[in-house]
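Listing of protein19.txt; format and content: compact mmCIF, C-alpha atoms and all ligand atoms.
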# COMPACT_ATOMS: atom_id res chain seq x y z
CA MET B 1 101.85 -141.22 19.28
CA THR B 2 98.37 -142.18 20.10
CA ALA B 3 95.58 -141.24 22.37
CA ARG B 4 93.02 -143.76 23.34
CA ARG B 5 90.28 -144.45 25.76
CA VAL B 6 91.23 -146.69 28.61
CA ALA B 7 88.75 -147.78 31.24
CA GLY B 8 86.63 -144.72 30.77
CA TRP B 9 89.47 -142.26 30.46
CA SER B 10 90.79 -140.56 27.42
CA CYS B 11 94.46 -140.04 27.60
CA VAL B 12 97.53 -138.76 25.97
CA GLY B 13 101.01 -139.94 26.79
CA LEU B 14 103.97 -137.64 26.49
CA TRP B 15 107.53 -138.68 25.75
CA LEU B 16 106.85 -142.35 25.45
CA VAL B 17 103.53 -143.96 24.99
CA ALA B 18 102.28 -144.76 28.41
CA ALA B 19 101.23 -148.33 28.92
CA GLY B 20 97.62 -147.46 29.61
CA CYS B 21 97.35 -145.63 26.32
CA ALA B 22 99.51 -147.94 24.22
CA ALA B 23 98.75 -148.48 20.58
CA GLY B 24 96.83 -151.68 20.07
CA ASP B 25 94.27 -151.13 22.76
CA GLY B 26 90.95 -152.39 21.53
CA PRO B 27 88.14 -150.03 20.66
CA ALA B 28 86.68 -148.45 23.72
CA ALA B 29 83.06 -148.39 24.73
CA ASP B 30 80.96 -145.36 23.97
CA GLU B 31 80.23 -144.72 27.61
CA ASP B 32 82.23 -145.45 30.67
CA ALA B 33 80.68 -146.83 33.81
CA GLY B 34 79.97 -143.37 35.11
CA GLY B 35 78.21 -142.29 31.95
CA ASP B 36 80.70 -139.60 31.09
CA ALA B 37 81.46 -138.97 27.47
CA ILE B 38 84.97 -139.86 26.50
CA VAL B 39 87.13 -138.51 23.75
CA SER B 40 87.16 -140.91 20.88
CA ALA B 41 90.50 -142.15 19.71
CA ASP B 42 90.11 -140.45 16.36
CA THR B 43 89.03 -137.16 17.84
CA ALA B 44 91.67 -137.35 20.47
CA ASP B 45 94.33 -138.12 17.91
CA GLU B 46 93.49 -134.88 16.22
CA ALA B 47 93.10 -132.84 19.35
CA ASP B 48 95.82 -134.28 21.51
CA THR B 49 99.46 -133.86 20.83
CA ALA B 50 102.83 -134.62 21.90
CA VAL B 51 105.95 -136.52 21.49
CA VAL B 52 108.88 -135.11 23.36
CA ASP B 53 112.22 -136.72 23.38
CA THR B 54 113.82 -135.70 26.61
CA ALA B 55 112.51 -135.86 30.13
CA PRO B 56 112.76 -133.00 32.58
CA PRO B 57 114.62 -133.45 35.86
CA TYR B 58 111.72 -134.18 38.15
CA GLY B 59 113.79 -136.00 40.72
CA VAL B 60 115.78 -139.14 41.26
CA GLY B 61 114.89 -142.69 42.10
CA PRO B 62 112.11 -144.99 41.00
CA CYS B 63 108.57 -143.74 40.45
CA GLU B 64 106.78 -146.79 41.78
CA GLY B 65 104.48 -145.69 44.59
CA VAL B 66 105.55 -142.03 44.49
CA LEU B 67 102.62 -139.65 44.84
CA ALA B 68 102.24 -137.55 41.71
CA GLU B 69 101.00 -133.97 42.03
CA MET B 70 98.92 -131.80 39.78
CA ALA B 71 98.03 -128.14 39.65
CA VAL B 72 95.40 -126.33 37.62
CA ALA B 73 96.40 -122.70 37.23
CA GLU B 74 92.85 -121.46 36.74
CA GLY B 75 91.48 -123.17 39.86
CA ARG B 76 88.72 -125.67 40.49
CA GLU B 77 85.77 -123.64 39.18
CA VAL B 78 85.84 -121.96 35.79
CA LEU B 79 83.55 -120.79 33.03
CA THR B 80 83.09 -122.64 29.76
CA GLY B 81 85.67 -121.74 27.18
CA THR B 82 88.42 -121.32 29.75
CA ARG B 83 91.78 -122.66 28.64
CA LEU B 84 93.08 -124.68 31.58
CA HIS B 85 96.79 -124.95 32.19
CA LEU B 86 97.58 -128.23 33.88
CA ALA B 87 100.94 -129.04 35.40
CA GLY B 88 101.99 -132.39 36.80
CA ARG B 89 105.06 -133.56 38.62
CA ALA B 90 106.39 -136.45 40.66
CA ASP B 91 109.50 -136.65 42.78
CA CYS B 92 111.23 -139.44 40.87
CA GLU B 93 113.21 -140.02 37.68
CA VAL B 94 110.38 -139.50 35.24
CA THR B 95 110.76 -140.58 31.64
CA ASP B 96 107.14 -140.82 30.67
CA VAL B 97 103.94 -139.10 31.73
CA GLN B 98 100.32 -139.63 30.97
CA TRP B 99 97.40 -137.23 31.09
CA GLU B 100 93.83 -138.50 31.18
CA VAL B 101 90.45 -136.88 31.49
CA ARG B 102 86.90 -137.86 32.25
CA GLN B 103 84.58 -135.27 30.83
CA PRO B 104 80.84 -134.67 30.87
CA PRO B 105 78.50 -136.00 28.20
CA GLY B 106 78.84 -134.09 24.96
CA SER B 107 82.37 -132.94 25.57
CA GLN B 108 85.11 -134.25 23.32
CA ALA B 109 87.91 -131.89 24.20
CA GLY B 110 91.49 -133.02 24.03
CA PHE B 111 94.79 -132.04 25.55
CA SER B 112 97.27 -129.90 23.78
CA ARG B 113 100.84 -129.61 24.75
CA GLY B 114 101.92 -126.64 26.75
CA PRO B 115 105.24 -124.87 26.57
CA PHE B 116 106.77 -127.40 28.94
CA GLU B 117 106.17 -131.04 28.60
CA PRO B 118 104.64 -131.86 31.96
CA GLU B 119 102.29 -128.98 31.30
CA VAL B 120 99.37 -129.29 28.96
CA THR B 121 96.37 -127.17 28.18
CA PHE B 122 92.77 -128.20 27.89
CA THR B 123 89.83 -126.06 26.84
CA ALA B 124 86.48 -127.06 28.36
CA GLU B 125 83.61 -125.91 26.18
CA VAL B 126 80.87 -127.98 27.81
CA ALA B 127 79.60 -127.30 31.32
CA GLY B 128 80.03 -130.07 33.85
CA THR B 129 82.64 -131.78 35.96
CA TYR B 130 85.99 -132.71 34.49
CA THR B 131 88.36 -135.06 36.29
CA PHE B 132 92.00 -134.91 35.27
CA ARG B 133 94.57 -137.55 36.11
CA PHE B 134 98.33 -137.32 35.83
CA THR B 135 100.65 -140.32 36.09
CA ALA B 136 104.45 -140.41 35.90
CA ARG B 137 106.59 -143.40 35.02
CA ASP B 138 110.26 -144.21 35.04
CA ASP B 139 112.41 -146.17 32.59
CA ASP B 140 111.89 -149.40 34.48
CA GLY B 141 108.12 -149.17 34.17
CA GLY B 142 107.64 -147.98 37.74
CA THR B 143 104.39 -146.05 37.98
CA SER B 144 103.55 -143.23 40.32
CA VAL B 145 100.36 -143.01 42.27
CA PRO B 146 98.27 -140.83 39.93
CA ALA B 147 97.26 -137.32 40.89
CA GLU B 148 93.60 -136.48 40.28
CA THR B 149 91.86 -133.15 40.27
CA THR B 150 88.31 -132.23 39.41
CA VAL B 151 87.35 -128.95 37.82
CA ALA B 152 83.77 -127.69 37.75
CA VAL B 153 83.01 -125.86 34.52
CA ARG B 154 79.89 -123.78 34.26
CA ARG B 155 78.34 -121.55 31.65
CA LEU B 156 78.22 -117.84 32.16
CA GLU B 157 74.60 -116.87 32.69
CA ALA B 158 73.20 -114.29 30.31
CA LEU B 159 70.95 -112.97 33.07
CA ARG B 160 70.95 -113.45 36.80
CA VAL B 161 68.45 -111.75 39.10
CA GLU B 162 69.15 -112.03 42.81
CA LEU B 163 67.04 -111.18 45.84
CA THR B 164 68.28 -110.84 49.39
CA TRP B 165 66.54 -109.19 52.31
CA ARG B 166 67.07 -107.93 55.80
CA THR B 167 64.45 -108.25 58.52
CA PRO B 168 65.28 -105.95 61.46
CA ASN B 169 62.86 -107.61 63.86
CA ASP B 170 64.32 -111.07 63.29
CA PRO B 171 66.90 -111.58 66.06
CA ASN B 172 68.63 -114.26 64.01
CA GLU B 173 68.36 -113.83 60.26
CA THR B 174 70.41 -116.90 59.47
CA ASP B 175 68.63 -119.59 61.47
CA GLU B 176 66.60 -122.13 59.52
CA GLY B 177 63.18 -123.67 59.81
CA PRO B 178 59.61 -123.28 58.54
CA SER B 179 58.91 -120.12 60.55
CA ALA B 180 62.43 -119.03 61.43
CA GLY B 181 62.28 -115.90 59.31
CA SER B 182 60.33 -113.93 56.76
CA ASP B 183 59.54 -115.54 53.41
CA LEU B 184 59.99 -113.22 50.45
CA ASP B 185 59.75 -114.52 46.89
CA LEU B 186 61.51 -113.44 43.73
CA HIS B 187 59.46 -113.33 40.52
CA LEU B 188 60.40 -112.82 36.86
CA LEU B 189 57.67 -112.31 34.26
CA ARG B 190 58.11 -113.04 30.60
CA PRO B 191 56.81 -110.38 28.19
CA GLY B 192 53.07 -109.83 28.61
CA ALA B 193 52.58 -112.17 31.56
CA VAL B 194 50.98 -111.39 34.91
CA TRP B 195 52.13 -112.17 38.44
CA PHE B 196 51.59 -115.77 39.54
CA ASP B 197 50.88 -116.93 35.98
CA PRO B 198 52.04 -120.56 36.20
CA GLU B 199 53.61 -120.38 32.74
CA GLY B 200 54.61 -116.77 32.46
CA ASP B 201 55.93 -116.12 35.99
CA CYS B 202 59.14 -117.81 37.03
CA TYR B 203 59.19 -118.11 40.83
CA GLY B 204 59.54 -120.71 43.53
CA ARG B 205 56.39 -122.70 42.70
CA HIS B 206 57.05 -122.66 38.96
CA SER B 207 60.78 -122.68 38.90
CA GLN B 208 61.45 -123.88 35.35
CA PRO B 209 58.80 -122.63 32.95
CA ASN B 210 59.27 -123.26 29.26
CA TRP B 211 59.66 -119.87 27.64
CA GLY B 212 60.66 -118.94 24.12
CA SER B 213 61.18 -121.94 21.90
CA LEU B 214 59.46 -125.21 22.78
CA ASP B 215 62.48 -127.07 21.42
CA PRO B 216 64.11 -128.57 24.54
CA THR B 217 67.56 -128.34 22.95
CA ILE B 218 67.29 -124.55 22.93
CA ASP B 219 68.21 -123.39 26.39
CA ASP B 220 66.08 -120.26 26.53
CA ASP B 221 64.18 -120.97 29.74
CA PRO B 222 64.72 -119.22 33.05
CA GLN B 223 65.36 -121.18 36.20
CA HIS B 224 64.56 -120.22 39.76
CA LEU B 225 67.33 -121.75 41.85
CA GLY B 226 65.40 -122.34 45.03
CA ASP B 227 62.83 -120.88 47.40
CA ASP B 228 64.19 -119.39 50.62
CA VAL B 229 61.45 -119.54 53.25
CA ASP B 230 63.19 -118.53 56.46
CA GLY B 231 64.81 -115.18 56.00
CA ALA B 232 67.66 -113.32 54.30
CA GLY B 233 67.66 -115.15 50.99
CA PRO B 234 69.23 -115.35 48.56
CA GLU B 235 66.81 -116.31 45.85
CA ALA B 236 68.03 -116.20 42.27
CA ILE B 237 66.64 -116.65 38.77
CA ILE B 238 69.07 -117.33 35.95
CA ALA B 239 68.86 -117.72 32.17
CA TYR B 240 71.49 -118.63 29.61
CA GLU B 241 69.44 -117.27 26.74
CA LEU B 242 66.26 -115.25 26.56
CA GLU B 243 63.97 -114.16 23.77
CA ALA B 244 63.99 -110.48 23.05
CA GLY B 245 61.44 -108.54 25.07
CA ASP B 246 60.60 -106.85 28.34
CA TYR B 247 60.86 -108.93 31.50
CA ARG B 248 59.41 -107.66 34.77
CA VAL B 249 61.01 -108.33 38.13
CA GLY B 250 58.94 -108.56 41.29
CA VAL B 251 59.33 -109.28 44.99
CA HIS B 252 56.40 -110.63 46.95
CA VAL B 253 56.17 -111.11 50.70
CA TRP B 254 54.69 -114.57 50.85
CA ASP B 255 54.63 -114.71 54.64
CA ASP B 256 56.40 -112.47 57.13
CA HIS B 257 55.95 -115.15 59.81
CA GLY B 258 55.36 -112.40 62.34
CA TYR B 259 58.76 -110.74 61.90
CA GLY B 260 57.39 -107.51 60.45
CA PRO B 261 58.86 -105.57 57.54
CA SER B 262 61.81 -106.68 55.44
CA VAL B 263 64.09 -104.52 53.31
CA PRO B 264 64.75 -106.20 49.95
CA THR B 265 67.77 -105.84 47.70
CA ILE B 266 67.70 -106.77 44.03
CA ARG B 267 70.79 -107.29 41.88
CA ILE B 268 70.63 -107.58 38.11
CA VAL B 269 73.65 -109.32 36.62
CA VAL B 270 74.08 -109.45 32.84
CA PHE B 271 76.84 -111.71 31.51
CA GLY B 272 78.60 -111.55 34.84
CA GLU B 273 78.42 -107.78 35.27
CA VAL B 274 76.21 -106.20 37.93
CA VAL B 275 74.15 -103.67 35.97
CA ARG B 276 71.77 -102.60 38.74
CA GLU B 277 71.52 -102.96 42.48
CA LEU B 278 68.33 -101.69 44.04
CA VAL B 279 67.34 -101.49 47.69
CA GLY B 280 63.59 -101.36 48.11
CA GLU B 281 61.48 -99.73 50.77
CA PRO B 282 60.44 -101.94 53.71
CA LEU B 283 57.93 -104.56 52.59
CA TYR B 284 55.12 -105.80 54.82
CA ASP B 285 53.18 -109.03 54.74
CA ALA B 286 51.53 -109.63 51.32
CA ASP B 287 53.20 -106.64 49.69
CA LEU B 288 54.29 -106.93 46.07
CA TRP B 289 57.19 -104.76 44.92
CA GLU B 290 57.10 -104.29 41.17
CA VAL B 291 60.79 -103.62 40.88
CA GLY B 292 61.12 -102.79 37.22
CA THR B 293 61.56 -104.08 33.71
CA ILE B 294 64.61 -105.64 32.10
CA THR B 295 64.80 -105.08 28.36
CA TRP B 296 66.48 -107.93 26.54
CA PRO B 297 68.88 -108.33 24.82
CA GLU B 298 70.02 -104.84 25.79
CA GLY B 299 70.23 -105.92 29.44
CA THR B 300 69.04 -102.54 30.64
CA MET B 301 66.58 -102.00 33.46
CA SER B 302 63.98 -99.36 34.07
CA THR B 303 62.40 -99.06 37.48
CA ASN B 304 58.87 -98.47 38.57
CA ASP B 305 57.90 -95.36 40.56
CA ALA B 306 54.62 -96.56 42.05
CA ALA B 307 56.32 -99.74 42.97
CA VAL B 308 54.66 -101.40 45.96
CA ILE B 309 51.17 -102.89 45.90
CA HIS B 310 49.92 -103.62 49.40
CA GLU B 311 47.88 -106.73 50.19
CA TYR B 312 48.42 -108.12 46.71
CA PRO B 313 45.49 -110.47 46.03
CA LEU B 314 46.66 -113.99 45.38
CA PRO B 315 45.06 -115.87 42.50
CA TRP B 316 42.87 -118.82 43.40
CA ALA B 317 45.46 -121.29 42.18
CA GLU B 318 47.90 -120.30 44.89
CA PRO B 319 47.85 -122.34 48.10
CA THR B 320 46.60 -120.73 51.28
CA ARG B 321 49.44 -119.26 53.22
CA CA Z 401 65.26 -115.95 62.06
CA CA Z 402 60.78 -117.36 49.43
CA CA Z 403 62.09 -122.88 25.83
Show this structure as C-alpha cells.
Amino acid sequence: MTARRVAGWSCVGLWLVAAGCAAGDGPAADEDAGGDAIVSADTADEADTAVVDTAPPYGVGPCEGVLAEMAVAEGREVLTGTRLHLAGRADCEVTDVQWEVRQPPGSQAGFSRGPFEPEVTFTAEVAGTYTFRFTARDDDGGTSVPAETTVAVRRLEALRVELTWRTPNDPNETDEGPSAGSDLDLHLLRPGAVWFDPEGDCYGRHSQPNWGSLDPTIDDDPQHLGDDVDGAGPEAIIAYELEAGDYRVGVHVWDDHGYGPSVPTIRIVVFGEVVRELVGEPLYDADLWEVGTITWPEGTMSTNDAAVIHEYPLPWAEPTR
C-alpha cells in the first residue's frame, strides 16, 4: 500500500492501489501549481492507511463516467482539530477507491481508515481550505467521475469583540453607501494604551497592530475585520492569542451622518462562548462609550459606570470627519 502525491494531490487508495497513486510514481514536487502544501509520500505512508480485501456492494455495472458522490459528516465549515468523517460512493461495481486531498500550506495531515472502507477520517489541524476528492474504479479499470468537496477550516478565536447598532431615525438600516447610515467604530486598547493610539488601539484605521511579541510567527495580534460606515454593523475584532493584561473596549460615533442617536450592542466572545452582551445607552455624534475592560487570560469583563464621553476630542492624527 502506498500513498503518493500525484499532480498536486496526496492520495491513498483503498482495496487496490489506484492507478493515480500507484507505486513507482516519481518523486513529487514540493508545491503544486496552486501553492498548496501536499502530504509527502513518507509522511502520508505513516499517516494514511488501508488495504481492504473485499469491496462493498455499491452497485452494478461499469464505473466509467459514473458520477461519484461524497459526504462530509461535519459539514463544509469546521474548526481546526475537527476529525472529519468522509464517505464516498458511486453507483457502479466498485472494486477500488481513491481518496485525495489538497491542503493548505503547512498542513501534512493524512487519511485514516474509518470503520467502513469507503469512509475515511481526516483531522485538519491547520486553518485553510481543504479540497477532498473521491474516485471509484471497477475491475476493468473504468474510472468514475471524481467527487470533490471543499471544507473551510478555521481556528477558534480566543477573543472576539463584536459591535452592532440600531439607529431609530434611519428608515433603512441595511442600505449601503457613504452616507447611508450612522458610522460607529469599535475600538480595543491594549494594556496602558489610549484611544486612537495608532499602535495601542485596534480599530478600523489601524486594523492589525503588532501587539505582544514582535516575532511574526507568534500570532498574538488582534485584527479588526472591517469598518462598517453605513449603519447597523457588525464590526468585530478578533485575536487568537493575547498577552496577559487588561484590554479596554470602546465604541466611538465617528459620524452619525445626520441620522441622530444609535443604540450600540457589544458582545464579548471568549473561545466561542458569549461571556457578556451589553446594550449601551443611545450614542450621539462624536460620543465615546468606554464599555469596559476585559481581563486576559481570565476572559472576564468589568464595565464602566461613567461610560460615555460626549464630544470626544479627536487627536490631530485623525482625519477630519
Ligand atoms: Ca440607512
Ligand atoms: Ca465604523
Ligand atoms: Ca505580535
Using all atoms listed in the file, which residues have at least one atom no more than 7 Å from ligand CA 401 (chain Z)? Output them as a PDB file with C-alpha atoms, in the coordinates of the input.
ATOM      1  CA  ASP B 170      64.320-111.070  63.290  1.00  0.00           C
ATOM      2  CA  PRO B 171      66.900-111.580  66.060  1.00  0.00           C
ATOM      3  CA  ASN B 172      68.630-114.260  64.010  1.00  0.00           C
ATOM      4  CA  GLU B 173      68.360-113.830  60.260  1.00  0.00           C
ATOM      5  CA  THR B 174      70.410-116.900  59.470  1.00  0.00           C
ATOM      6  CA  ASP B 175      68.630-119.590  61.470  1.00  0.00           C
ATOM      7  CA  GLU B 176      66.600-122.130  59.520  1.00  0.00           C
ATOM      8  CA  ALA B 180      62.430-119.030  61.430  1.00  0.00           C
ATOM      9  CA  GLY B 181      62.280-115.900  59.310  1.00  0.00           C
ATOM     10  CA  ASP B 230      63.190-118.530  56.460  1.00  0.00           C
ATOM     11  CA  GLY B 231      64.810-115.180  56.000  1.00  0.00           C
TER      12      GLY B 231
END
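Taking only C-alpha atoms and all ligand atoms into account, ligand CA 402 (chain Z) has within 7 Å the residues Asp183, Leu184, Asp185, Leu186, Gly204, Asp227, Asp228, Val229 and Trp254 of chain B.
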Which residues are near ligand CA 403 (chain Z) in this structure, taking near to mean any atom at most 7 Å from a ligand atom and counting all atoms listed in the file? Format them as a ChimeraX atom specification.
/B:210-216,218-221
Would you kindly identify which residues have an atom no farther than 8 Å from (60.0, -118.2, 36.7), using only C-alpha atoms and the file's own coordinates, and write them out as a list in words?
His187, Leu188, Leu189, Glu199, Gly200, Asp201, Cys202, Tyr203, Gly204, His206, Ser207, Gln208, Pro209, Pro222, Gln223, His224 and Ile237 of chain B
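Once only C-alpha atoms are considered, the residues situated within 12 Å of the file point (57.3, -94.9, 34.4) turn out to be Glu290, Val291, Gly292, Thr293, Met301, Ser302, Thr303, Asn304, Asp305, Ala306 and Ala307 of chain B.
Comparing B:Arg137, B:Glu273, B:Asp246, B:Phe196 by their smallest distance to Trp316 of chain B, the closest is B:Phe196 (using all atoms listed in the file).
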To one decimal in Å, tell me the separation between atom CA of Ala236 of chain B and atom CA of Glu125 of chain B.
24.4 Å
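You will find atom CA of Thr295 of chain B at 27.3 Å from atom CA of Ser262 of chain B.
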Which is closest to Thr167 of chain B among B:Glu64, B:Glu77, B:Glu277, B:Asp256, if we use all atoms listed in the file?
B:Asp256
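Residues in contact with Arg276 of chain B at up to 9 Å, not including ones fewer than 3 positions away on its chain and judged by all atoms listed in the file, are Ile266, Arg267, Ile268, Val269, Thr300 and Met301 of chain B.
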Excluding same-chain residues fewer than 3 positions from Arg89 of chain B, what lies within 8 Å of it counting only C-alpha atoms, as a compact mmCIF listing (two decimals) with C-alpha atoms, in the coordinates of the input?
# COMPACT_ATOMS: atom_id res chain seq x y z
CA TYR B 58 111.72 -134.18 38.15
CA ALA B 68 102.24 -137.55 41.71
CA GLU B 69 101.00 -133.97 42.03
CA MET B 70 98.92 -131.80 39.78
CA PRO B 118 104.64 -131.86 31.96
CA ALA B 136 104.45 -140.41 35.90
Measuring between all atoms listed in the file, which one of B:Thr135, B:Ser182, B:Thr143, B:Thr123 shows the shortest distance to Trp165 of chain B?
B:Ser182
Measuring between all atoms listed in the file, which one of B:Cys92, B:Leu314, B:Ala127, B:Val263 shows the shortest distance to Glu157 of chain B?
B:Ala127
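Counting from atom CA of Tyr130 of chain B, the distance to atom CA of Cys63 of chain B is 25.8 Å.
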Could you give me, as a list in words, the residues within 9 Å of Val120 of chain B, counting all atoms listed in the file and dropping anything in the same chain fewer than 6 positions from it?
Leu84, His85, Leu86, Ala87, Gly88, Trp99, Phe111, Ser112, Arg113 and Gly114 of chain B
Quick one: residues within 12 Å of Tyr312 of chain B, all atoms listed in the file, excluding same-chain residues fewer than 3 positions away - as a ChimeraX atom specification?
/B:195-196,250-254,283-290,308-309,315
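Proximity to Glu235 of chain B was assessed for B:Leu163, B:Ala124, B:Leu79, B:Val153 counting all atoms listed in the file; the smallest distance is recorded for B:Leu163.
With only C-alpha atoms as the atoms that count, the minimum distance from Val151 of chain B to the choices B:His257, B:Arg133, B:Arg205, B:His310 is reached by B:Arg133.
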Using all atoms listed in the file, which protein or nucleic acid residues come within 9 Å of Gly272 of chain B? Drop anything in the same chain fewer than 6 positions from it, and give the result as a ChimeraX atom specification.
/B:156-160
Report the centre and edge lengths, in Å to one decimal, of an axis-aligned box enclosing every atom of segment 177-189 of chain B listed in the file, padded by 6 Å on each side, as JSON.
{"center_x": 60.4, "center_y": -118.0, "center_z": 47.8, "size_x": 17.5, "size_y": 23.4, "size_z": 39.2}
